[in-house]
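Source file: data.csv (CSV, C-alpha atoms)
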chain,number,residue,atom,x,y,z
A,1,MET,CA,0.0,0.0,0.0
A,2,SER,CA,1.2,3.5,-0.8
A,3,ARG,CA,1.6,6.0,2.0
A,4,SER,CA,-1.5,7.9,1.0
A,5,GLU,CA,-3.5,4.6,0.8
A,6,GLU,CA,-2.3,3.8,4.3
A,7,GLU,CA,-3.2,7.3,5.5
A,8,ARG,CA,-6.7,6.9,4.1
A,9,THR,CA,-7.1,3.5,5.7
A,10,ARG,CA,-6.3,4.9,9.1
A,11,ILE,CA,-8.8,7.7,8.6
A,12,GLU,CA,-11.4,5.0,7.6
A,13,ASP,CA,-10.5,2.9,10.6
A,14,LEU,CA,-10.9,5.8,13.0
A,15,LEU,CA,-14.3,6.7,11.5
A,16,ALA,CA,-15.3,3.0,11.7
A,17,VAL,CA,-14.5,3.1,15.4
A,18,ALA,CA,-16.5,6.3,15.8
A,19,ARG,CA,-19.6,5.1,13.8
A,20,HIS,CA,-19.7,1.3,14.4
A,21,ARG,CA,-17.5,0.8,17.4
A,22,ASP,CA,-15.4,-1.4,15.1
A,23,ARG,CA,-13.0,-3.4,17.2
A,24,GLU,CA,-11.0,-4.8,14.3
A,25,ALA,CA,-10.4,-1.3,13.0
A,26,PHE,CA,-9.4,-0.2,16.5
A,27,GLY,CA,-7.0,-3.2,16.7
A,28,ARG,CA,-5.3,-1.9,13.6
A,29,LEU,CA,-5.0,1.6,15.0
A,30,PHE,CA,-3.6,0.2,18.2
A,31,ASP,CA,-1.0,-1.7,16.3
A,32,TYR,CA,0.1,1.3,14.4
A,33,TYR,CA,-0.2,4.1,16.9
A,34,ALA,CA,0.4,2.5,20.4
A,35,PRO,CA,4.1,1.7,19.6
A,36,ARG,CA,4.6,5.3,18.2
A,37,VAL,CA,2.9,6.9,21.2
A,38,LYS,CA,5.1,4.8,23.4
A,39,ALA,CA,8.2,5.9,21.5
A,40,TYR,CA,7.1,9.5,21.8
A,41,LEU,CA,6.5,9.2,25.6
A,42,ARG,CA,9.9,7.5,26.0
A,43,ARG,CA,11.7,10.3,24.3
A,44,LEU,CA,10.0,12.8,26.6
A,45,GLY,CA,11.4,11.0,29.6
A,46,ALA,CA,8.8,8.4,30.6
A,47,ASP,CA,10.3,5.0,31.7
A,48,PRO,CA,9.2,2.0,29.6
A,49,GLN,CA,6.6,0.9,32.1
A,50,GLN,CA,5.1,4.3,32.4
A,51,ALA,CA,5.2,4.9,28.6
A,52,GLU,CA,3.3,1.7,28.0
A,53,GLU,CA,0.7,2.6,30.6
A,54,LEU,CA,0.2,6.0,29.2
A,55,ALA,CA,0.1,4.7,25.6
A,56,GLN,CA,-2.6,2.3,26.8
A,57,GLU,CA,-4.6,5.2,28.2
A,58,VAL,CA,-4.1,7.2,25.1
A,59,MET,CA,-5.5,4.4,23.0
A,60,LEU,CA,-8.5,4.0,25.3
A,61,THR,CA,-9.1,7.7,25.0
A,62,VAL,CA,-9.0,7.2,21.2
A,63,TRP,CA,-11.7,4.5,21.5
A,64,ARG,CA,-13.9,6.7,23.8
A,65,ARG,CA,-13.6,9.9,21.9
A,66,ALA,CA,-13.6,8.7,18.4
A,67,ALA,CA,-16.9,10.4,17.7
A,68,GLN,CA,-15.1,13.7,18.2
A,69,TYR,CA,-12.6,13.0,15.5
A,70,ASP,CA,-13.2,15.2,12.4
A,71,PRO,CA,-11.2,14.1,9.4
A,72,ARG,CA,-11.3,17.6,7.9
A,73,ARG,CA,-9.6,19.2,10.9
A,74,ALA,CA,-6.9,16.7,11.7
A,75,THR,CA,-5.3,13.6,10.5
A,76,PRO,CA,-5.5,10.6,12.9
A,77,GLY,CA,-1.8,11.2,13.6
A,78,THR,CA,-2.4,14.8,14.6
A,79,TRP,CA,-5.4,14.0,16.7
A,80,ILE,CA,-3.6,11.2,18.5
A,81,PHE,CA,-0.5,13.3,19.0
A,82,ARG,CA,-2.7,15.9,20.7
A,83,ILE,CA,-4.2,13.2,23.1
A,84,ALA,CA,-0.8,11.8,23.8
A,85,ARG,CA,0.7,15.2,24.5
A,86,ASN,CA,-2.1,16.1,26.9
A,87,ARG,CA,-1.9,12.8,28.7
A,88,ARG,CA,1.8,13.3,29.1
A,89,ILE,CA,1.3,16.9,30.4
A,90,ASP,CA,-1.3,15.6,32.9
A,91,ALA,CA,1.0,12.8,34.0
A,92,LEU,CA,4.1,14.9,34.4
A,93,ARG,CA,2.5,17.7,36.2
A,94,ARG,CA,0.5,15.5,38.5
A,95,GLU,CA,-1.9,18.2,38.9
A,96,ARG,CA,-5.5,18.0,39.5
A,97,ARG,CA,-7.1,19.5,36.4
A,98,PRO,CA,-10.6,20.8,36.3
A,99,PRO,CA,-12.9,18.3,34.5
A,100,GLU,CA,-13.5,21.0,31.9
A,101,ALA,CA,-9.9,20.9,30.8
A,102,GLU,CA,-10.4,18.2,28.2
A,103,GLU,CA,-13.4,19.9,26.7
A,104,VAL,CA,-11.5,23.2,26.7
A,105,GLU,CA,-9.0,21.6,24.4
A,106,VAL,CA,-11.8,20.6,22.0
A,107,GLU,CA,-13.3,24.0,22.0
A,108,THR,CA,-9.9,25.6,21.4
A,109,GLU,CA,-9.4,23.3,18.5
A,110,ALA,CA,-12.9,23.7,17.1
A,111,GLY,CA,-12.5,27.4,16.8
A,112,GLY,CA,-15.7,28.4,15.0
A,113,GLU,CA,-14.9,27.4,11.5
A,114,GLU,CA,-17.0,25.6,8.9
A,115,GLU,CA,-19.2,22.7,9.9
A,116,ALA,CA,-17.8,19.3,9.2
A,117,ALA,CA,-21.0,18.1,7.7
A,118,GLU,CA,-21.2,14.5,6.5
A,119,ARG,CA,-21.1,14.5,2.8
A,120,PRO,CA,-21.5,10.9,1.6
A,121,GLY,CA,-20.2,10.3,-1.8
A,122,GLU,CA,-17.6,13.0,-1.6
A,123,ALA,CA,-14.1,11.6,-1.7
A,124,LEU,CA,-12.4,11.5,1.6
A,125,GLU,CA,-9.4,13.1,0.1
A,126,ALA,CA,-11.4,16.2,-0.8
A,127,ARG,CA,-12.9,16.4,2.6
A,128,SER,CA,-9.6,16.1,4.4
A,129,GLU,CA,-8.0,19.4,4.3
A,130,ALA,CA,-6.0,18.1,7.2
A,131,LEU,CA,-4.6,15.3,5.0
A,132,LEU,CA,-3.5,17.8,2.4
A,133,MET,CA,-1.9,20.0,5.0
A,134,GLU,CA,0.0,17.1,6.4
A,135,ARG,CA,1.2,16.0,3.0
A,136,ARG,CA,2.5,19.5,2.1
A,137,LEU,CA,4.1,19.8,5.5
A,138,ARG,CA,5.9,16.6,4.9
A,139,GLU,CA,7.2,17.9,1.6
A,140,ALA,CA,8.2,21.2,3.3
A,141,ILE,CA,10.2,19.4,6.0
A,142,ALA,CA,11.9,17.3,3.3
A,143,ARG,CA,13.1,20.6,1.8
A,144,LEU,CA,14.5,22.1,5.0
A,145,PRO,CA,18.2,22.1,5.5
A,146,PRO,CA,18.9,19.1,7.7
A,147,GLU,CA,20.0,21.1,10.7
A,148,GLN,CA,16.7,23.0,10.8
A,149,ALA,CA,14.7,19.7,10.5
A,150,GLU,CA,16.8,18.4,13.4
A,151,ILE,CA,15.9,21.3,15.6
A,152,LEU,CA,12.2,20.7,14.9
A,153,ARG,CA,12.5,17.0,15.9
A,154,LEU,CA,14.3,17.8,19.0
A,155,TYR,CA,11.9,20.5,19.9
A,156,TYR,CA,8.8,18.2,19.7
A,157,LEU,CA,10.2,14.9,20.6
A,158,GLU,CA,12.5,15.6,23.5
A,159,GLU,CA,11.7,17.2,26.8
A,160,MET,CA,14.1,20.0,25.9
A,161,PRO,CA,13.7,23.7,26.3
A,162,GLN,CA,15.7,25.5,23.7
A,163,GLY,CA,18.6,26.1,26.1
A,164,GLU,CA,19.2,22.4,26.5
A,165,ILE,CA,19.0,21.8,22.8
A,166,ALA,CA,21.7,24.4,22.4
A,167,ASP,CA,23.8,22.6,25.1
A,168,THR,CA,23.2,19.2,23.5
A,169,LEU,CA,24.2,20.3,20.1
A,170,GLY,CA,27.0,22.5,21.4
A,171,LEU,CA,25.5,25.6,19.7
A,172,PRO,CA,24.8,29.0,21.0
A,173,LEU,CA,21.2,29.5,22.1
A,174,GLY,CA,20.8,32.2,19.5
A,175,THR,CA,21.6,29.7,16.8
A,176,VAL,CA,19.0,27.2,18.0
A,177,LYS,CA,16.4,30.0,18.2
A,178,SER,CA,17.2,31.3,14.8
A,179,ARG,CA,17.2,27.8,13.2
A,180,LEU,CA,13.8,27.1,14.8
A,181,ARG,CA,12.4,30.4,13.6
A,182,LEU,CA,13.8,29.9,10.1
A,183,ALA,CA,12.4,26.4,10.0
A,184,LEU,CA,9.0,27.7,11.0
A,185,ALA,CA,9.0,30.6,8.6
A,186,LYS,CA,9.9,28.2,5.7
A,187,LEU,CA,7.2,25.8,6.6
A,188,ARG,CA,4.7,28.6,6.8
A,189,ASP,CA,5.9,30.1,3.5
A,190,TYR,CA,5.8,26.8,1.8
A,191,LEU,CA,2.3,26.0,2.9
A,192,GLY,CA,1.1,29.6,2.5
A,193,GLY,CA,2.6,29.8,-1.0
A,194,ASN,CA,0.9,26.6,-2.0
A,195,GLU,CA,-2.4,27.8,-0.7
A,196,ALA,CA,-2.1,31.0,-2.6
A,197,SER,CA,-1.2,29.2,-5.8
A,198,ARG,CA,-4.2,27.0,-5.3
A,199,ALA,CA,-6.6,29.8,-4.9
B,200,MET,CA,17.6,39.0,16.5
B,201,THR,CA,16.9,39.0,20.2
B,202,ASN,CA,16.6,36.0,22.5
B,203,GLY,CA,13.1,37.1,23.3
B,204,ILE,CA,10.2,34.9,22.5
B,205,ASP,CA,7.7,35.7,19.7
B,206,LEU,CA,4.2,34.6,19.1
B,207,ASP,CA,5.1,31.7,16.8
B,208,GLU,CA,7.5,30.4,19.4
B,209,LEU,CA,4.7,30.6,21.9
B,210,LEU,CA,2.3,28.8,19.6
B,211,ILE,CA,4.8,26.0,18.8
B,212,ALA,CA,5.7,25.6,22.5
B,213,HIS,CA,2.0,25.2,23.2
B,214,ALA,CA,1.6,22.7,20.3
B,215,ALA,CA,4.6,20.7,21.6
B,216,GLY,CA,3.3,20.7,25.1
B,217,HIS,CA,6.2,22.7,26.6
B,218,LEU,CA,4.2,25.6,28.3
B,219,GLY,CA,3.4,25.7,32.0
B,220,GLU,CA,-0.3,25.6,32.8
B,221,ALA,CA,-0.8,29.3,33.3
B,222,ALA,CA,0.9,30.2,30.0
B,223,ALA,CA,-1.0,27.4,28.3
B,224,LEU,CA,-4.3,28.8,29.5
B,225,VAL,CA,-3.4,32.3,28.1
B,226,VAL,CA,-2.4,30.8,24.8
B,227,ALA,CA,-5.6,28.6,24.7
B,228,ALA,CA,-7.7,31.7,25.3
B,229,HIS,CA,-5.8,33.6,22.6
B,230,LEU,CA,-6.5,30.8,20.2
B,231,CYS,CA,-10.2,31.0,20.8
B,232,LEU,CA,-10.1,34.7,19.8
B,233,CYS,CA,-7.6,34.8,17.0
B,234,PRO,CA,-8.2,32.9,13.7
B,235,GLU,CA,-4.8,33.7,12.3
B,236,SER,CA,-3.0,32.1,15.4
B,237,ARG,CA,-5.5,29.2,15.2
B,238,ARG,CA,-4.4,28.6,11.6
B,239,ARG,CA,-0.7,28.6,12.6
B,240,TYR,CA,-1.4,26.5,15.6
B,241,ARG,CA,-3.0,23.8,13.5
B,242,LEU,CA,0.1,23.7,11.4
B,243,TYR,CA,2.2,23.2,14.5
B,244,GLU,CA,0.0,20.5,15.8
B,245,THR,CA,0.0,18.8,12.4
B,246,LEU,CA,3.8,19.0,12.6
B,247,GLY,CA,3.6,17.2,15.9
B,248,GLY,CA,1.5,14.5,14.5
B,249,LEU,CA,3.8,14.0,11.5
B,250,LEU,CA,6.9,13.7,13.7
B,251,LEU,CA,5.0,11.3,16.0
B,252,GLU,CA,4.3,9.1,12.9
B,253,GLU,CA,7.9,9.2,11.8
B,254,LEU,CA,9.2,7.8,15.1
B,255,PRO,CA,10.6,4.3,15.0
B,256,PRO,CA,7.8,2.3,16.8
B,257,GLU,CA,8.6,0.7,20.2
B,258,PRO,CA,6.4,-2.4,20.5
B,259,LEU,CA,4.4,-2.8,23.6
B,260,ALA,CA,4.2,-6.0,25.6
B,261,PRO,CA,1.6,-8.2,23.9
B,262,GLU,CA,-0.6,-8.4,27.0
B,263,ARG,CA,-1.1,-4.6,26.8
B,264,ARG,CA,-3.0,-5.1,23.5
B,265,GLN,CA,-5.1,-7.9,24.9
B,266,ARG,CA,-5.9,-5.9,28.0
B,267,VAL,CA,-7.0,-2.9,26.1
B,268,LEU,CA,-9.1,-4.9,23.6
B,269,ALA,CA,-10.6,-6.7,26.5
B,270,VAL,CA,-11.9,-3.6,28.3
B,271,LEU,CA,-13.3,-1.8,25.2
B,272,GLY,CA,-16.8,-3.1,26.0
B,273,GLU,CA,-16.7,-1.4,29.5
B,274,GLU,CA,-15.6,1.9,28.1
B,275,VAL,CA,-18.5,4.3,27.7
B,276,ALA,CA,-18.2,6.2,24.4
B,277,ASP,CA,-17.9,9.9,24.9
B,278,SER,CA,-20.4,10.8,22.2
B,279,ALA,CA,-20.2,14.6,22.7
B,280,GLN,CA,-19.7,16.2,19.4
B,281,PRO,CA,-16.9,18.7,19.2
B,282,ASP,CA,-18.2,22.1,20.1
B,283,ARG,CA,-18.2,24.3,17.0
B,284,THR,CA,-18.6,27.5,18.8
B,285,GLY,CA,-15.1,28.0,19.8
B,286,ASP,CA,-15.0,31.7,19.3
B,287,ASP,CA,-18.3,32.5,20.9
B,288,ALA,CA,-16.9,35.3,22.9
B,289,GLY,CA,-19.3,38.1,23.0
B,290,ALA,CA,-22.2,36.0,21.6
B,291,SER,CA,-23.6,35.5,25.1
B,292,GLY,CA,-22.5,38.9,26.3
B,293,ASN,CA,-19.6,37.2,28.0
B,294,PRO,CA,-16.2,38.5,26.8
B,295,LEU,CA,-14.3,35.5,28.2
B,296,PRO,CA,-13.1,32.6,26.0
B,297,ALA,CA,-14.2,29.2,27.2
B,298,PRO,CA,-10.8,28.0,28.6
B,299,LEU,CA,-10.9,31.0,30.9
B,300,ARG,CA,-14.6,30.8,31.8
B,301,ALA,CA,-13.9,27.3,33.0
B,302,ARG,CA,-11.4,28.6,35.5
B,303,LEU,CA,-13.4,31.4,37.0
B,304,PRO,CA,-14.9,30.9,40.5
B,305,ALA,CA,-18.0,33.0,39.7
B,306,PRO,CA,-19.4,35.3,37.1
B,307,LEU,CA,-17.0,38.1,36.4
B,308,ASP,CA,-18.9,40.8,38.3
B,309,CYS,CA,-19.4,38.6,41.4
B,310,CYS,CA,-15.7,37.8,41.7
B,311,PRO,CA,-13.6,39.4,44.6
B,312,TRP,CA,-11.8,42.0,42.6
B,313,ARG,CA,-9.1,44.0,44.3
B,314,ARG,CA,-9.4,47.6,43.5
B,315,SER,CA,-6.5,50.1,43.5
B,316,GLY,CA,-7.3,53.4,41.9
B,317,ALA,CA,-8.2,53.0,38.3
B,318,LEU,CA,-7.0,49.4,38.3
B,319,ALA,CA,-8.8,46.3,39.5
B,320,GLU,CA,-7.2,42.9,39.8
B,321,LEU,CA,-8.6,39.4,40.2
B,322,PRO,CA,-6.0,36.8,40.9
B,323,LEU,CA,-6.8,33.3,39.6
B,324,ALA,CA,-6.0,30.3,41.6
B,325,ALA,CA,-2.6,28.9,40.5
B,326,PRO,CA,-2.5,25.2,39.9
B,327,PRO,CA,-0.2,23.4,42.4
B,328,GLY,CA,3.4,23.6,41.4
B,329,GLU,CA,2.8,26.4,38.9
B,330,PRO,CA,5.3,29.2,39.5
B,331,ALA,CA,3.6,31.7,37.1
B,332,ARG,CA,0.9,34.0,38.5
B,333,LEU,CA,-2.3,34.3,36.6
B,334,ARG,CA,-4.7,37.2,37.0
B,335,LEU,CA,-7.3,39.4,35.3
B,336,LEU,CA,-6.8,43.1,35.2
B,337,ARG,CA,-9.3,45.7,34.6
B,338,LEU,CA,-8.2,49.2,33.6
B,339,GLU,CA,-10.4,52.3,33.6
B,340,PRO,CA,-10.3,54.4,30.4
B,341,GLY,CA,-6.8,55.9,30.0
B,342,ALA,CA,-5.5,54.2,33.1
B,343,ALA,CA,-1.9,52.9,33.0
B,344,VAL,CA,-0.1,50.0,34.7
B,345,PRO,CA,2.9,51.5,36.5
B,346,ALA,CA,6.1,51.1,34.4
B,347,HIS,CA,7.6,47.7,35.2
B,348,GLY,CA,10.2,45.2,34.1
B,349,HIS,CA,10.0,41.4,34.2
B,350,GLU,CA,12.0,38.6,35.6
B,351,GLY,CA,10.6,36.2,33.1
B,352,LEU,CA,7.9,35.9,30.5
B,353,GLU,CA,4.8,38.0,30.8
B,354,LEU,CA,1.8,37.4,28.6
B,355,THR,CA,-1.0,39.9,28.4
B,356,LEU,CA,-4.1,39.0,26.5
B,357,VAL,CA,-6.6,41.7,25.8
B,358,LEU,CA,-10.2,40.5,26.3
B,359,GLU,CA,-12.1,43.7,26.0
B,360,GLY,CA,-11.4,47.3,25.0
B,361,ARG,CA,-8.0,48.6,23.9
B,362,LEU,CA,-4.6,48.5,25.5
B,363,CYS,CA,-1.7,50.6,24.3
B,364,ASP,CA,1.6,48.9,24.8
B,365,GLY,CA,4.4,51.1,23.7
B,366,GLU,CA,3.9,51.6,20.0
B,367,ARG,CA,1.3,48.9,19.7
B,368,MET,CA,-2.4,49.2,20.1
B,369,LEU,CA,-4.0,45.9,21.1
B,370,GLY,CA,-7.6,44.9,20.8
B,371,PRO,CA,-9.6,41.9,21.9
B,372,GLY,CA,-7.7,38.7,21.2
B,373,ASP,CA,-4.3,40.4,20.8
B,374,LEU,CA,-1.5,39.1,22.9
B,375,ALA,CA,1.5,41.1,24.1
B,376,ILE,CA,4.6,39.2,25.0
B,377,ALA,CA,7.1,40.8,27.4
B,378,ASP,CA,10.3,39.3,28.8
B,379,ALA,CA,13.3,40.3,30.9
B,380,SER,CA,14.4,42.8,28.2
B,381,THR,CA,11.1,44.7,28.3
B,382,VAL,CA,10.1,47.6,30.4
B,383,HIS,CA,6.7,48.9,29.7
B,384,ALA,CA,3.7,50.8,31.1
B,385,PRO,CA,0.6,49.6,29.2
B,386,ARG,CA,-2.3,52.0,29.1
B,387,ALA,CA,-6.0,51.4,28.5
B,388,GLY,CA,-7.5,53.2,25.5
B,389,GLU,CA,-9.2,56.5,26.2
B,390,GLY,CA,-12.9,56.2,26.4
B,391,GLU,CA,-13.3,52.4,26.7
B,392,GLY,CA,-11.0,50.9,29.3
B,393,CYS,CA,-9.7,47.4,29.1
B,394,LEU,CA,-10.0,43.9,30.5
B,395,CYS,CA,-7.0,41.7,30.1
B,396,LEU,CA,-5.6,38.3,31.3
B,397,LEU,CA,-2.1,38.3,32.5
B,398,CYS,CA,0.4,35.6,33.2
B,399,ALA,CA,3.7,36.5,34.7
B,400,ALA,CA,6.5,34.2,35.7

Written form, structure tokens:
Amino acid sequence: MSRSEEERTRIEDLLAVARHRDREAFGRLFDYYAPRVKAYLRRLGADPQQAEELAQEVMLTVWRRAAQYDPRRATPGTWIFRIARNRRIDALRRERRPPEAEEVEVETEAGGEEEAAERPGEALEARSEALLMERRLREAIARLPPEQAEILRLYYLEEMPQGEIADTLGLPLGTVKSRLRLALAKLRDYLGGNEASRA
Amino acid sequence: MTNGIDLDELLIAHAAGHLGEAAALVVAAHLCLCPESRRRYRLYETLGGLLLEELPPEPLAPERRQRVLAVLGEEVADSAQPDRTGDDAGASGNPLPAPLRARLPAPLDCCPWRRSGALAELPLAAPPGEPARLRLLRLEPGAAVPAHGHEGLELTLVLEGRLCDGERMLGPGDLAIADASTVHAPRAGEGEGCLCLLCAA
């Protein structure tokens, strides 16, 4: 299967979980995402046991909240990343959060944009603006100078403020900051430029 | 280029999960009010998802999968649809974005504001272990915050009215970012006053 076929399959699987409580589809999502969520949590400092427990919780949250997934707004990867990130924050801070906190996240995300109405018959591809964004973002990252792409990875996937990234790479903090800013500006330009040329 | 932090760095820090709870709340409130930041934030979250998918997978112990699949039947589906009224501020006459409303002990006018001249302040309960102070500040028209510097990051989100911060005139949803290199004395717009949310390290 090509990458984009795989992506579509994962969207279909998540929608099948949402609509039909499809356990086989969930099993496939588990097999794909749980080990990646575990890897993410390990990088951010969780021990193996803790990372597995949290990954398990993340996947159960996926099962419970699948009805909130909207393929136009996010790819499954982005949606699950968000759940994993929030679980990790909760676990690390060990703070009591108001019960609203989870819904707040949803509202922030929902941000009063167009309705994601069901449109049967319309190609998933066309509905999934998120999938297009992800694809273009992947292209854009591939075009970044390697040192800028590295900073992005370190920034998201290690529990590292920029100062520590600088120490780890033996670079001045200003260099790390400017690489991060340059990388972000390039990604935005690339995506913005593409949007403009599409319009 | 300064070592100060700009809006994009703040958004990406929020997307990557690196902000403390107080700063995260201010950014979440800002996102409810600012479509442009929301657009960028989506990009940064998409980036997070993409990097997550690129990670070499680390298999879980096989019994984890069995255990999860075994309890699915007991899990109650959370059928709530995503709320599509994220930027409903003002619609109900309430200027506060949802993440902030959820944190208030009472309706705004019933809260124990501390008045001091043309300024009124409402401290919000800090989560345990959170070093940053979070508060609402209400300025009467033309009133200014005394000139001050900062030890760390200070975020000011305008919720209502206008706030003049140096050269910049901020309106609802605008965020001012100050750090150790900033000394400023923000002033409310003449004629309309200002309500803002502040987070200071």

Item to complete: Quick one: pull the distance between atom CA of Met59 of chain A and atom CA of Leu137 of chain A, Å, one decimal.
Response: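 Going from atom CA of Met59 of chain A over to atom CA of Leu137 of chain A covers 25.2 Å.
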
Worksheet item: With only C-alpha atoms as the basis for distance, which of A:Lys177, A:Arg23, A:Arg64, A:Arg138 is at the shortest distance from Glu164 of chain A?
Response: A:Lys177

If we count all atoms listed in the file and set the cut-off at 6 Å, which residues sit around segment 318-335 of chain B, ignoring sequence neighbours fewer than 2 positions away in its own chain? Please answer as a short mmCIF file (atom, residue, chain, number, x, y, z; two decimals) with C-alpha atoms, keeping the file's coordinate frame.
data_model
loop_
_atom_site.label_atom_id
_atom_site.label_comp_id
_atom_site.auth_asym_id
_atom_site.auth_seq_id
_atom_site.Cartn_x
_atom_site.Cartn_y
_atom_site.Cartn_z
CA TRP B 312 -11.80 42.00 42.60
CA ARG B 313 -9.10 44.00 44.30
CA ARG B 314 -9.40 47.60 43.50
CA SER B 315 -6.50 50.10 43.50
CA GLY B 316 -7.30 53.40 41.90
CA ARG B 337 -9.30 45.70 34.60
CA LEU B 338 -8.20 49.20 33.60
CA CYS B 395 -7.00 41.70 30.10
CA LEU B 396 -5.60 38.30 31.30
CA LEU B 397 -2.10 38.30 32.50
CA CYS B 398 0.40 35.60 33.20
CA ALA B 399 3.70 36.50 34.70
CA ALA B 400 6.50 34.20 35.70
#

Item to complete: Quick one: pull the distance between atom CA of Ala16 of chain A and atom CA of Glu52 of chain A, Å, one decimal.
Response: 24.8 Å

Worksheet, complete the sentence: Shortest contact to Leu184 of chain A, candidates A:Gln148, A:Thr61, A:Thr168, A:Thr75, atoms counted all atoms listed in the file, goes to A:Gln148

Worksheet entry | Pick from A:Arg21, A:Arg36, A:Arg28, A:Arg93, whichever lies nearest to chain B using only C-alpha atoms |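 Of all the options, A:Arg36 lies closest to chain B.
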
Worksheet item: Near Glu159 of chain A, counting all atoms listed in the file, which residues have an atom at most 8 Å away, once you skip same-chain residues fewer than 3 positions from it, shown as an MDAnalysis selection string?
Response: (chainID A and resid 43:45 155:156) or (chainID B and resid 217)

Discussion item. Can you tell me which residues surround Ala66 of chain A at a distance of at most 7 Å, considering only C-alpha atoms, apart from same-chain residues fewer than 4 positions away, and format the answer as a PyMOL selection string?
Written reply: chain A and resi 14+17-18+62

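Distances to chain A were evaluated for B:Arg238, B:Glu220, B:Ala276, B:Gly370 using only C-alpha atoms, and the minimum falls at B:Ala276.
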
Fill in: Expected residue set, 12 Å radius at (-12.2, 8.0, 21.8), only C-alpha atoms, as a ChimeraX atom specification
/A:14-19,21-22,26,29,57-70,76,79-80,83 /B:271,274-281

Worksheet entry | Protein and nucleic acid residues near (7.8, 36.4, 32.9) (cut-off 12 Å, only C-alpha atoms) as a count of residues only | 30

Worksheet, complete the sentence: chain B proximity check over A:Leu171, A:Ile151, A:Ala25, A:Ala74, using all atoms listed in the file: winner is A:Ala74

Practice prompt. Just the residues within 6 Å of Leu362 of chain B, please, counting all atoms listed in the file, with nothing from its chain fewer than 5 positions along; format it as an MDAnalysis selection string.
Written response: chainID B and resid 368:369 386:388

Give me a file of those residues, with C-alpha atoms, as a tab-separated table (two decimals), in the frame of the given file.
chain	number	residue	atom	x	y	z
B	368	MET	CA	-2.40	49.20	20.10
B	369	LEU	CA	-4.00	45.90	21.10
B	386	ARG	CA	-2.30	52.00	29.10
B	387	ALA	CA	-6.00	51.40	28.50
B	388	GLY	CA	-7.50	53.20	25.50

Practice prompt. Choose the residue, out of B:Val344, B:Val357, B:Leu210, B:Val226, that has the smallest atom-to-atom separation from Ala384 of chain B; count all atoms listed in the file.
Written response: B:Val344

Worksheet item: atom CA of Ala342 of chain B to atom CA of Ala317 of chain B: how many Å, to one decimal?
Response: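 Taking atom CA of Ala342 of chain B as the start and atom CA of Ala317 of chain B as the end point, the length is 6.0 Å.
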
Worksheet item: Any idea what's packed within 10 Å of Ser4 of chain A, counting all atoms listed in the file, ignoring anything in its chain fewer than 5 positions away? Could you give it as a list in words?
Response: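 Near neighbours after the sequence-gap exclusion: Thr9, Arg10, Glu125, Leu131 and Arg135 of chain A.
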